[in-house]
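What follows is the content of target19.pdb, which has PDB, C-alpha atoms, pLDDT in the B column:
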ATOM      1  CA  MET S   1       0.000   0.000   0.000  1.00 37.00           C
ATOM      2  CA  LYS S   2       1.177   3.555  -0.535  1.00 41.00           C
ATOM      3  CA  ASP S   3       2.150   5.808   2.355  1.00 52.00           C
ATOM      4  CA  HIS S   4      -1.016   7.887   2.402  1.00 76.00           C
ATOM      5  CA  SER S   5      -3.545   5.034   2.495  1.00 90.00           C
ATOM      6  CA  LYS S   6      -5.650   6.001   5.462  1.00 96.00           C
ATOM      7  CA  ILE S   7      -9.112   5.594   6.949  1.00 96.00           C
ATOM      8  CA  TYR S   8     -10.769   8.293   9.022  1.00 98.00           C
ATOM      9  CA  GLY S   9     -13.597   7.788  11.496  1.00 98.00           C
ATOM     10  CA  VAL S  10     -15.665  10.926  10.901  1.00 98.00           C
ATOM     11  CA  SER S  11     -18.310  12.095  13.374  1.00 98.00           C
ATOM     12  CA  THR S  12     -21.427  13.474  11.675  1.00 97.00           C
ATOM     13  CA  GLY S  13     -23.112  14.671  14.878  1.00 95.00           C
ATOM     14  CA  PRO S  14     -26.616  13.674  15.992  1.00 93.00           C
ATOM     15  CA  GLY S  15     -28.578  14.986  13.015  1.00 93.00           C
ATOM     16  CA  ASN S  16     -28.276  18.676  12.245  1.00 94.00           C
ATOM     17  CA  PRO S  17     -25.681  19.066   9.435  1.00 95.00           C
ATOM     18  CA  GLU S  18     -24.653  22.426  10.946  1.00 96.00           C
ATOM     19  CA  LEU S  19     -23.097  20.458  13.804  1.00 96.00           C
ATOM     20  CA  LEU S  20     -20.435  18.832  11.632  1.00 97.00           C
ATOM     21  CA  THR S  21     -17.035  20.229  12.531  1.00 97.00           C
ATOM     22  CA  LEU S  22     -14.895  22.091  10.016  1.00 97.00           C
ATOM     23  CA  LYS S  23     -12.418  19.207  10.121  1.00 98.00           C
ATOM     24  CA  ALA S  24     -15.149  16.648   9.413  1.00 98.00           C
ATOM     25  CA  VAL S  25     -16.276  18.652   6.384  1.00 98.00           C
ATOM     26  CA  ARG S  26     -12.697  18.929   5.103  1.00 97.00           C
ATOM     27  CA  ILE S  27     -11.972  15.201   5.508  1.00 97.00           C
ATOM     28  CA  ILE S  28     -15.199  14.252   3.701  1.00 97.00           C
ATOM     29  CA  LYS S  29     -14.354  16.618   0.844  1.00 97.00           C
ATOM     30  CA  GLU S  30     -10.811  15.286   0.503  1.00 96.00           C
ATOM     31  CA  ALA S  31     -11.499  11.551   0.894  1.00 96.00           C
ATOM     32  CA  ASP S  32     -11.453   9.313  -2.177  1.00 95.00           C
ATOM     33  CA  ILE S  33     -14.202   7.080  -0.775  1.00 96.00           C
ATOM     34  CA  ILE S  34     -17.106   7.721   1.614  1.00 97.00           C
ATOM     35  CA  ALA S  35     -18.011   4.681   3.722  1.00 97.00           C
ATOM     36  CA  TYR S  36     -20.969   4.531   6.091  1.00 95.00           C
ATOM     37  CA  PRO S  37     -23.205   2.093   8.001  1.00 92.00           C
ATOM     38  CA  VAL S  38     -26.463   1.113   6.313  1.00 91.00           C
ATOM     39  CA  ASP S  39     -29.610  -0.560   7.579  1.00 87.00           C
ATOM     40  CA  ARG S  40     -31.091  -3.641   5.920  1.00 84.00           C
ATOM     41  CA  SER S  41     -32.817  -1.455   3.336  1.00 85.00           C
ATOM     42  CA  GLY S  42     -29.516   0.192   2.385  1.00 85.00           C
ATOM     43  CA  LYS S  43     -30.342   3.583   3.934  1.00 90.00           C
ATOM     44  CA  SER S  44     -27.836   5.593   5.983  1.00 93.00           C
ATOM     45  CA  VAL S  45     -28.675   8.431   8.362  1.00 93.00           C
ATOM     46  CA  ALA S  46     -24.986   9.390   8.634  1.00 95.00           C
ATOM     47  CA  LEU S  47     -24.643   9.734   4.853  1.00 96.00           C
ATOM     48  CA  SER S  48     -27.817  11.801   4.680  1.00 95.00           C
ATOM     49  CA  ILE S  49     -26.447  14.229   7.295  1.00 96.00           C
ATOM     50  CA  ALA S  50     -23.053  14.542   5.599  1.00 96.00           C
ATOM     51  CA  GLY S  51     -24.674  15.008   2.189  1.00 96.00           C
ATOM     52  CA  GLN S  52     -26.455  18.129   3.465  1.00 95.00           C
ATOM     53  CA  ALA S  53     -23.143  19.722   4.473  1.00 95.00           C
ATOM     54  CA  VAL S  54     -20.798  18.493   1.740  1.00 96.00           C
ATOM     55  CA  ASP S  55     -21.223  17.946  -1.992  1.00 94.00           C
ATOM     56  CA  ILE S  56     -20.555  14.207  -2.317  1.00 93.00           C
ATOM     57  CA  ASN S  57     -21.522  13.940  -5.979  1.00 92.00           C
ATOM     58  CA  GLY S  58     -18.871  12.002  -7.859  1.00 91.00           C
ATOM     59  CA  LYS S  59     -17.500  10.363  -4.716  1.00 93.00           C
ATOM     60  CA  GLU S  60     -17.205   6.587  -4.526  1.00 95.00           C
ATOM     61  CA  LEU S  61     -19.759   5.483  -1.913  1.00 96.00           C
ATOM     62  CA  LEU S  62     -19.407   2.341   0.168  1.00 96.00           C
ATOM     63  CA  GLY S  63     -22.346   1.217   2.296  1.00 95.00           C
ATOM     64  CA  LEU S  64     -21.519  -1.301   5.037  1.00 93.00           C
ATOM     65  CA  PHE S  65     -24.058  -3.411   6.901  1.00 89.00           C
ATOM     66  CA  PHE S  66     -23.210  -4.121  10.536  1.00 83.00           C
ATOM     67  CA  PRO S  67     -25.543  -6.811  11.930  1.00 75.00           C
ATOM     68  CA  MET S  68     -27.008  -6.114  15.366  1.00 71.00           C
ATOM     69  CA  THR S  69     -26.526  -9.540  16.905  1.00 66.00           C
ATOM     70  CA  ARG S  70     -24.812 -11.142  19.883  1.00 70.00           C
ATOM     71  CA  ASP S  71     -23.986 -14.293  17.928  1.00 70.00           C
ATOM     72  CA  ASP S  72     -20.168 -14.419  17.845  1.00 73.00           C
ATOM     73  CA  SER S  73     -19.915 -16.540  14.700  1.00 76.00           C
ATOM     74  CA  GLU S  74     -22.259 -14.232  12.781  1.00 77.00           C
ATOM     75  CA  LEU S  75     -20.387 -11.164  14.015  1.00 76.00           C
ATOM     76  CA  ASN S  76     -16.982 -12.591  13.106  1.00 78.00           C
ATOM     77  CA  GLU S  77     -18.164 -13.528   9.631  1.00 82.00           C
ATOM     78  CA  ALA S  78     -19.606 -10.043   9.097  1.00 82.00           C
ATOM     79  CA  TRP S  79     -16.494  -8.283  10.384  1.00 82.00           C
ATOM     80  CA  ASN S  80     -14.195 -10.380   8.225  1.00 85.00           C
ATOM     81  CA  GLU S  81     -16.274  -9.509   5.160  1.00 88.00           C
ATOM     82  CA  ILE S  82     -16.337  -5.803   6.076  1.00 90.00           C
ATOM     83  CA  SER S  83     -12.592  -5.756   6.771  1.00 89.00           C
ATOM     84  CA  ASN S  84     -11.841  -7.356   3.416  1.00 90.00           C
ATOM     85  CA  THR S  85     -14.118  -4.939   1.581  1.00 92.00           C
ATOM     86  CA  VAL S  86     -12.609  -1.859   3.243  1.00 93.00           C
ATOM     87  CA  SER S  87      -8.983  -3.005   2.959  1.00 92.00           C
ATOM     88  CA  GLU S  88      -9.398  -3.658  -0.778  1.00 91.00           C
ATOM     89  CA  ARG S  89     -10.619  -0.076  -1.257  1.00 91.00           C
ATOM     90  CA  LEU S  90      -7.768   1.334   0.831  1.00 91.00           C
ATOM     91  CA  ARG S  91      -5.009  -0.188  -1.234  1.00 84.00           C
ATOM     92  CA  ASN S  92      -3.221   1.873  -3.870  1.00 80.00           C
ATOM     93  CA  GLY S  93      -2.925   4.901  -1.610  1.00 85.00           C
ATOM     94  CA  ARG S  94      -6.583   5.821  -1.320  1.00 93.00           C
ATOM     95  CA  THR S  95      -8.310   7.419   1.660  1.00 96.00           C
ATOM     96  CA  ILE S  96     -11.677   6.570   3.193  1.00 97.00           C
ATOM     97  CA  ALA S  97     -13.924   8.713   5.371  1.00 98.00           C
ATOM     98  CA  PHE S  98     -16.066   6.378   7.472  1.00 97.00           C
ATOM     99  CA  LEU S  99     -19.144   8.292   8.663  1.00 97.00           C
ATOM    100  CA  SER S 100     -20.901   7.602  11.943  1.00 95.00           C
ATOM    101  CA  LEU S 101     -23.642   9.327  13.924  1.00 94.00           C
ATOM    102  CA  GLY S 102     -22.842  11.465  16.945  1.00 94.00           C
ATOM    103  CA  ASP S 103     -19.247  11.213  18.082  1.00 96.00           C
ATOM    104  CA  VAL S 104     -17.377   8.196  16.705  1.00 95.00           C
ATOM    105  CA  SER S 105     -15.725   7.488  20.057  1.00 94.00           C
ATOM    106  CA  LEU S 106     -19.065   6.879  21.814  1.00 93.00           C
ATOM    107  CA  TYR S 107     -20.933   3.598  21.131  1.00 89.00           C
ATOM    108  CA  SER S 108     -19.898   3.592  17.478  1.00 90.00           C
ATOM    109  CA  THR S 109     -18.949   0.821  15.058  1.00 89.00           C
ATOM    110  CA  TRP S 110     -15.865   2.892  14.255  1.00 94.00           C
ATOM    111  CA  GLY S 111     -14.031   1.469  17.270  1.00 92.00           C
ATOM    112  CA  TYR S 112     -14.282  -2.065  15.877  1.00 90.00           C
ATOM    113  CA  LEU S 113     -13.443  -1.019  12.326  1.00 93.00           C
ATOM    114  CA  ARG S 114     -10.454   1.031  13.491  1.00 94.00           C
ATOM    115  CA  SER S 115      -9.050  -1.990  15.371  1.00 92.00           C
ATOM    116  CA  LYS S 116      -9.465  -4.244  12.335  1.00 91.00           C
ATOM    117  CA  MET S 117      -7.778  -1.752  10.014  1.00 93.00           C
ATOM    118  CA  LYS S 118      -4.877  -1.277  12.418  1.00 94.00           C
ATOM    119  CA  GLU S 119      -4.395  -5.047  12.566  1.00 92.00           C
ATOM    120  CA  LEU S 120      -4.104  -5.022   8.770  1.00 91.00           C
ATOM    121  CA  GLY S 121      -1.460  -2.292   8.900  1.00 91.00           C
ATOM    122  CA  PHE S 122      -3.501   0.695   7.736  1.00 93.00           C
ATOM    123  CA  GLU S 123      -3.243   4.168   9.243  1.00 95.00           C
ATOM    124  CA  THR S 124      -6.345   5.407  11.070  1.00 96.00           C
ATOM    125  CA  GLU S 125      -7.491   8.735  12.484  1.00 97.00           C
ATOM    126  CA  THR S 126     -10.517   9.670  14.571  1.00 98.00           C
ATOM    127  CA  VAL S 127     -12.335  12.944  13.888  1.00 98.00           C
ATOM    128  CA  PRO S 128     -14.369  13.892  16.987  1.00 97.00           C
ATOM    129  CA  GLY S 129     -17.773  15.529  16.886  1.00 97.00           C
ATOM    130  CA  VAL S 130     -20.912  16.555  18.744  1.00 96.00           C
ATOM    131  CA  THR S 131     -22.587  13.830  20.776  1.00 95.00           C
ATOM    132  CA  ALA S 132     -26.336  13.251  20.813  1.00 94.00           C
ATOM    133  CA  MET S 133     -26.421  13.914  24.557  1.00 95.00           C
ATOM    134  CA  SER S 134     -24.753  17.328  24.075  1.00 96.00           C
ATOM    135  CA  ASP S 135     -27.369  18.339  21.523  1.00 96.00           C
ATOM    136  CA  VAL S 136     -30.163  16.985  23.718  1.00 96.00           C
ATOM    137  CA  ALA S 137     -28.970  19.020  26.707  1.00 95.00           C
ATOM    138  CA  ALA S 138     -28.716  22.131  24.534  1.00 96.00           C
ATOM    139  CA  LYS S 139     -32.246  21.740  23.168  1.00 95.00           C
ATOM    140  CA  LEU S 140     -33.615  21.130  26.655  1.00 95.00           C
ATOM    141  CA  ASP S 141     -31.703  24.215  27.847  1.00 93.00           C
ATOM    142  CA  ARG S 142     -30.161  22.153  30.638  1.00 93.00           C
ATOM    143  CA  ASP S 143     -26.670  21.186  31.757  1.00 93.00           C
ATOM    144  CA  LEU S 144     -25.401  17.645  31.359  1.00 93.00           C
ATOM    145  CA  SER S 145     -23.643  18.056  34.694  1.00 91.00           C
ATOM    146  CA  SER S 146     -22.477  20.931  36.853  1.00 88.00           C
ATOM    147  CA  GLY S 147     -19.955  21.641  39.590  1.00 88.00           C
ATOM    148  CA  ASP S 148     -18.397  18.427  40.863  1.00 89.00           C
ATOM    149  CA  GLU S 149     -21.406  16.339  39.856  1.00 92.00           C
ATOM    150  CA  ASN S 150     -20.820  12.940  38.253  1.00 95.00           C
ATOM    151  CA  LEU S 151     -22.083  12.289  34.733  1.00 96.00           C
ATOM    152  CA  ILE S 152     -23.137   8.683  34.172  1.00 96.00           C
ATOM    153  CA  VAL S 153     -23.743   7.577  30.589  1.00 97.00           C
ATOM    154  CA  ILE S 154     -25.868   4.441  30.279  1.00 95.00           C
ATOM    155  CA  PRO S 155     -26.518   2.420  27.109  1.00 92.00           C
ATOM    156  CA  ALA S 156     -30.075   1.078  27.242  1.00 87.00           C
ATOM    157  CA  SER S 157     -28.725  -2.347  26.255  1.00 88.00           C
ATOM    158  CA  VAL S 158     -27.353  -2.989  29.754  1.00 91.00           C
ATOM    159  CA  SER S 159     -28.942  -5.750  31.834  1.00 92.00           C
ATOM    160  CA  ASP S 160     -31.845  -5.024  34.145  1.00 93.00           C
ATOM    161  CA  ASP S 161     -29.640  -5.369  37.226  1.00 95.00           C
ATOM    162  CA  GLU S 162     -26.957  -3.101  35.761  1.00 95.00           C
ATOM    163  CA  LEU S 163     -29.550  -0.459  34.937  1.00 95.00           C
ATOM    164  CA  ASP S 164     -30.831  -0.545  38.520  1.00 95.00           C
ATOM    165  CA  ALA S 165     -27.318  -0.179  39.906  1.00 97.00           C
ATOM    166  CA  LEU S 166     -26.437   2.711  37.597  1.00 96.00           C
ATOM    167  CA  LEU S 167     -29.677   4.583  38.262  1.00 96.00           C
ATOM    168  CA  ASP S 168     -28.978   4.341  41.991  1.00 95.00           C
ATOM    169  CA  LEU S 169     -25.598   6.071  41.663  1.00 95.00           C
ATOM    170  CA  LYS S 170     -25.341   9.720  42.639  1.00 94.00           C
ATOM    171  CA  GLY S 171     -25.106  12.189  39.767  1.00 94.00           C
ATOM    172  CA  SER S 172     -26.613  13.303  36.504  1.00 95.00           C
ATOM    173  CA  LYS S 173     -27.432  10.480  34.078  1.00 96.00           C
ATOM    174  CA  VAL S 174     -27.929  10.053  30.349  1.00 97.00           C
ATOM    175  CA  ILE S 175     -29.586   6.953  28.898  1.00 96.00           C
ATOM    176  CA  MET S 176     -28.692   6.421  25.242  1.00 93.00           C
ATOM    177  CA  LYS S 177     -30.800   4.641  22.607  1.00 89.00           C
ATOM    178  CA  ALA S 178     -33.567   4.103  25.131  1.00 87.00           C
ATOM    179  CA  GLY S 179     -36.405   3.553  22.655  1.00 80.00           C
ATOM    180  CA  ARG S 180     -36.625  -0.234  22.875  1.00 81.00           C
ATOM    181  CA  SER S 181     -36.678  -0.242  26.691  1.00 86.00           C
ATOM    182  CA  LEU S 182     -38.617   2.967  27.251  1.00 88.00           C
ATOM    183  CA  ASN S 183     -41.531   1.572  29.244  1.00 87.00           C
ATOM    184  CA  LEU S 184     -39.195  -0.314  31.578  1.00 90.00           C
ATOM    185  CA  ILE S 185     -36.980   2.749  32.058  1.00 92.00           C
ATOM    186  CA  ILE S 186     -39.956   4.987  32.841  1.00 91.00           C
ATOM    187  CA  GLU S 187     -41.152   2.512  35.485  1.00 92.00           C
ATOM    188  CA  LYS S 188     -37.698   2.475  37.085  1.00 94.00           C
ATOM    189  CA  LEU S 189     -37.552   6.277  37.101  1.00 94.00           C
ATOM    190  CA  LYS S 190     -41.029   6.463  38.613  1.00 93.00           C
ATOM    191  CA  LYS S 191     -40.009   4.024  41.361  1.00 94.00           C
ATOM    192  CA  ARG S 192     -37.056   6.283  42.251  1.00 94.00           C
ATOM    193  CA  ASP S 193     -39.144   9.472  42.092  1.00 92.00           C
ATOM    194  CA  LEU S 194     -37.014  10.729  39.190  1.00 93.00           C
ATOM    195  CA  LEU S 195     -39.649  11.341  36.523  1.00 92.00           C
ATOM    196  CA  GLN S 196     -39.955  15.026  37.395  1.00 91.00           C
ATOM    197  CA  ASP S 197     -36.203  15.382  36.919  1.00 93.00           C
ATOM    198  CA  SER S 198     -36.149  13.573  33.555  1.00 95.00           C
ATOM    199  CA  ALA S 199     -36.637  14.732  29.975  1.00 95.00           C
ATOM    200  CA  MET S 200     -36.177  13.022  26.633  1.00 94.00           C
ATOM    201  CA  ILE S 201     -35.680  13.779  22.971  1.00 95.00           C
ATOM    202  CA  ILE S 202     -36.388  11.232  20.253  1.00 93.00           C
ATOM    203  CA  ASN S 203     -34.610  11.564  16.894  1.00 91.00           C
ATOM    204  CA  CYS S 204     -32.682  14.647  18.047  1.00 92.00           C
ATOM    205  CA  GLY S 205     -31.793  16.741  14.997  1.00 90.00           C
ATOM    206  CA  LEU S 206     -33.461  14.264  12.644  1.00 89.00           C
ATOM    207  CA  PRO S 207     -36.846  14.213  10.893  1.00 88.00           C
ATOM    208  CA  GLY S 208     -39.503  13.327  13.447  1.00 88.00           C
ATOM    209  CA  GLU S 209     -37.684  14.931  16.370  1.00 92.00           C
ATOM    210  CA  LYS S 210     -39.900  15.128  19.431  1.00 92.00           C
ATOM    211  CA  ILE S 211     -39.185  16.601  22.866  1.00 94.00           C
ATOM    212  CA  TYR S 212     -40.714  15.147  26.026  1.00 93.00           C
ATOM    213  CA  ARG S 213     -40.221  17.299  29.101  1.00 91.00           C
ATOM    214  CA  ASP S 214     -42.704  15.204  31.046  1.00 86.00           C
ATOM    215  CA  LEU S 215     -42.146  11.449  30.780  1.00 87.00           C
ATOM    216  CA  GLU S 216     -45.460  10.809  32.510  1.00 80.00           C
ATOM    217  CA  ASN S 217     -47.009  11.775  29.167  1.00 77.00           C
ATOM    218  CA  ALA S 218     -44.693   9.833  26.870  1.00 78.00           C
ATOM    219  CA  ASP S 219     -47.240   7.170  25.924  1.00 70.00           C
ATOM    220  CA  ASP S 220     -46.910   7.964  22.204  1.00 69.00           C
ATOM    221  CA  ALA S 221     -43.092   8.003  22.275  1.00 72.00           C
ATOM    222  CA  LYS S 222     -41.595   5.797  19.579  1.00 73.00           C
ATOM    223  CA  GLY S 223     -38.096   5.692  18.176  1.00 71.00           C
ATOM    224  CA  TYR S 224     -34.809   3.863  18.620  1.00 78.00           C
ATOM    225  CA  PHE S 225     -32.817   7.114  18.897  1.00 86.00           C
ATOM    226  CA  ALA S 226     -34.240   8.191  22.253  1.00 91.00           C
ATOM    227  CA  THR S 227     -31.963  10.003  24.705  1.00 94.00           C
ATOM    228  CA  ILE S 228     -33.053  10.603  28.298  1.00 95.00           C
ATOM    229  CA  LEU S 229     -31.410  13.189  30.544  1.00 96.00           C
ATOM    230  CA  ILE S 230     -31.916  12.755  34.295  1.00 95.00           C
ATOM    231  CA  LYS S 231     -30.828  15.616  36.525  1.00 90.00           C
ATOM    232  CA  LYS S 232     -32.269  16.415  39.926  1.00 78.00           C
ATOM    233  CA  GLU S 233     -33.639  19.914  40.434  1.00 60.00           C
ATOM    234  CA  SER S 234     -31.382  20.422  43.458  1.00 50.00           C
ATOM    235  CA  GLU S 235     -28.345  19.704  41.268  1.00 46.00           C
ATOM    236  CA  LYS S 236     -29.197  22.120  38.450  1.00 43.00           C
TER     237      LYS S 236
END

As structure tokens, what does this structure read like?
Amino acid sequence: MKDHSKIYGVSTGPGNPELLTLKAVRIIKEADIIAYPVDRSGKSVALSIAGQAVDINGKELLGLFFPMTRDDSELNEAWNEISNTVSERLRNGRTIAFLSLGDVSLYSTWGYLRSKMKELGFETETVPGVTAMSDVAAKLDRDLSSGDENLIVIPASVSDDELDALLDLKGSKVIMKAGRSLNLIIEKLKKRDLLQDSAMIINCGLPGEKIYRDLENADDAKGYFATILIKKESEK
């Protein structure tokens, strides 16, 4: 491979294309190939966001499907296929901008892809960006944390026992991708008398964005990209 073969993990932010950093825009413009995660239908939210900020016409586009499964054999097979596909494109001194929602260092497939590419001897670089929780806090006009307060970030995929333990810790909390477990989370917050201190945004910065300042009235809430901010009034 030539010296400047390189893959970048590029953060596209939570949804609003204005939240892409200047560096992210530059890397996307300069890259030979734009890679991005796709769903089973071939659609990509990250590509849609980037395409509103950068003219990607004429770029080689590479959609990659990352299966959401806990089956190790299925995951290994998928990652081997993805690694082969990406490494073939990287050869001959080309560069790839791999797009991912939010910040690529937080619950992103970029971490796995970066490790695979490093194992194969390719140069990698991470381009940081705005997290979904930062945008959520801004739209709610609230702090994520203040003073010497802890900030606890919780993926909704944790076990029931882990969720209980984390919710019982002292500090401000953010629950990411809470949509699939929303009813359970609301019950746990109600049990701890935390509903009045909680707010949520679904699809922050994306089409269908909806703000819930009162989770008692979130019966119609639907959406995988749900972020809940929990911060006690006394700690604001």

Carefully work through the PyMOL selection byres ((chain S and resi 188) around 12) for this structure and note down the residues it includes, as a CSV table (one decimal) with C-alpha atoms, in the coordinates of the input.
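Written output follows (selection29.csv):
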chain,number,residue,atom,x,y,z
S,160,ASP,CA,-31.8,-5.0,34.1
S,161,ASP,CA,-29.6,-5.4,37.2
S,163,LEU,CA,-29.6,-0.5,34.9
S,164,ASP,CA,-30.8,-0.5,38.5
S,165,ALA,CA,-27.3,-0.2,39.9
S,166,LEU,CA,-26.4,2.7,37.6
S,167,LEU,CA,-29.7,4.6,38.3
S,168,ASP,CA,-29.0,4.3,42.0
S,181,SER,CA,-36.7,-0.2,26.7
S,182,LEU,CA,-38.6,3.0,27.3
S,183,ASN,CA,-41.5,1.6,29.2
S,184,LEU,CA,-39.2,-0.3,31.6
S,185,ILE,CA,-37.0,2.7,32.1
S,186,ILE,CA,-40.0,5.0,32.8
S,187,GLU,CA,-41.2,2.5,35.5
S,189,LEU,CA,-37.6,6.3,37.1
S,190,LYS,CA,-41.0,6.5,38.6
S,191,LYS,CA,-40.0,4.0,41.4
S,192,ARG,CA,-37.1,6.3,42.3
S,193,ASP,CA,-39.1,9.5,42.1
S,194,LEU,CA,-37.0,10.7,39.2
S,195,LEU,CA,-39.6,11.3,36.5
S,198,SER,CA,-36.1,13.6,33.6
S,215,LEU,CA,-42.1,11.4,30.8

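Once the PyMOL selection byres ((chain S and resi 68-72) around 12) is applied to the depicted file, the selected set reads S:Pro37, S:Val38, S:Asp39, S:Arg40, S:Phe65, S:Phe66, S:Pro67, S:Ser73, S:Glu74, S:Leu75, S:Asn76, S:Glu77, S:Ala78, S:Trp79, S:Thr109, S:Ser157.
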
Item checked: Best match for closeness to Ala138 (chain S) among S:Asn57, S:Ile82, S:Ser172, S:Met200, counting all atoms listed in the file -> S:Met200

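Interatomic distance, CA of Ile201 (chain S) to CA of Ser11 (chain S): 19.9 Å.
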
Show me a table, sorted first by chain and then by increasing residue number, of the residues of region 16-110 of chain S having an atom at most 10 Å from region 126-129 of chain S, each with its shortest atom pair and the distance in Å to one decimal, counting all atoms listed in the file and written as a tab-separated table.
residue	atom	partner	partner_atom	distance
S:Leu19	CA	S:Gly129	CA	7.9
S:Leu20	CA	S:Gly129	CA	6.8
S:Thr21	CA	S:Gly129	CA	6.4
S:Leu22	CA	S:Gly129	CA	9.9
S:Lys23	CA	S:Val127	CA	7.3
S:Ala24	CA	S:Val127	CA	6.5
S:Ile27	CA	S:Val127	CA	8.7
S:Ala97	CA	S:Val127	CA	9.6
S:Phe98	CA	S:Thr126	CA	9.6
S:Leu99	CA	S:Val127	CA	9.8
S:Ser100	CA	S:Gly129	CA	9.9
S:Leu101	CA	S:Gly129	CA	9.0
S:Gly102	CA	S:Gly129	CA	6.5
S:Asp103	CA	S:Gly129	CA	4.7
S:Val104	CA	S:Pro128	CA	6.4
S:Ser105	CA	S:Pro128	CA	7.2
S:Leu106	CA	S:Pro128	CA	9.7
S:Trp110	CA	S:Thr126	CA	8.6

Note to self: What does the structure give for the distance between CA of Thr131 (chain S) and CA of Gly13 (chain S), in Å to one decimal?
What the structure shows: 6.0 Å
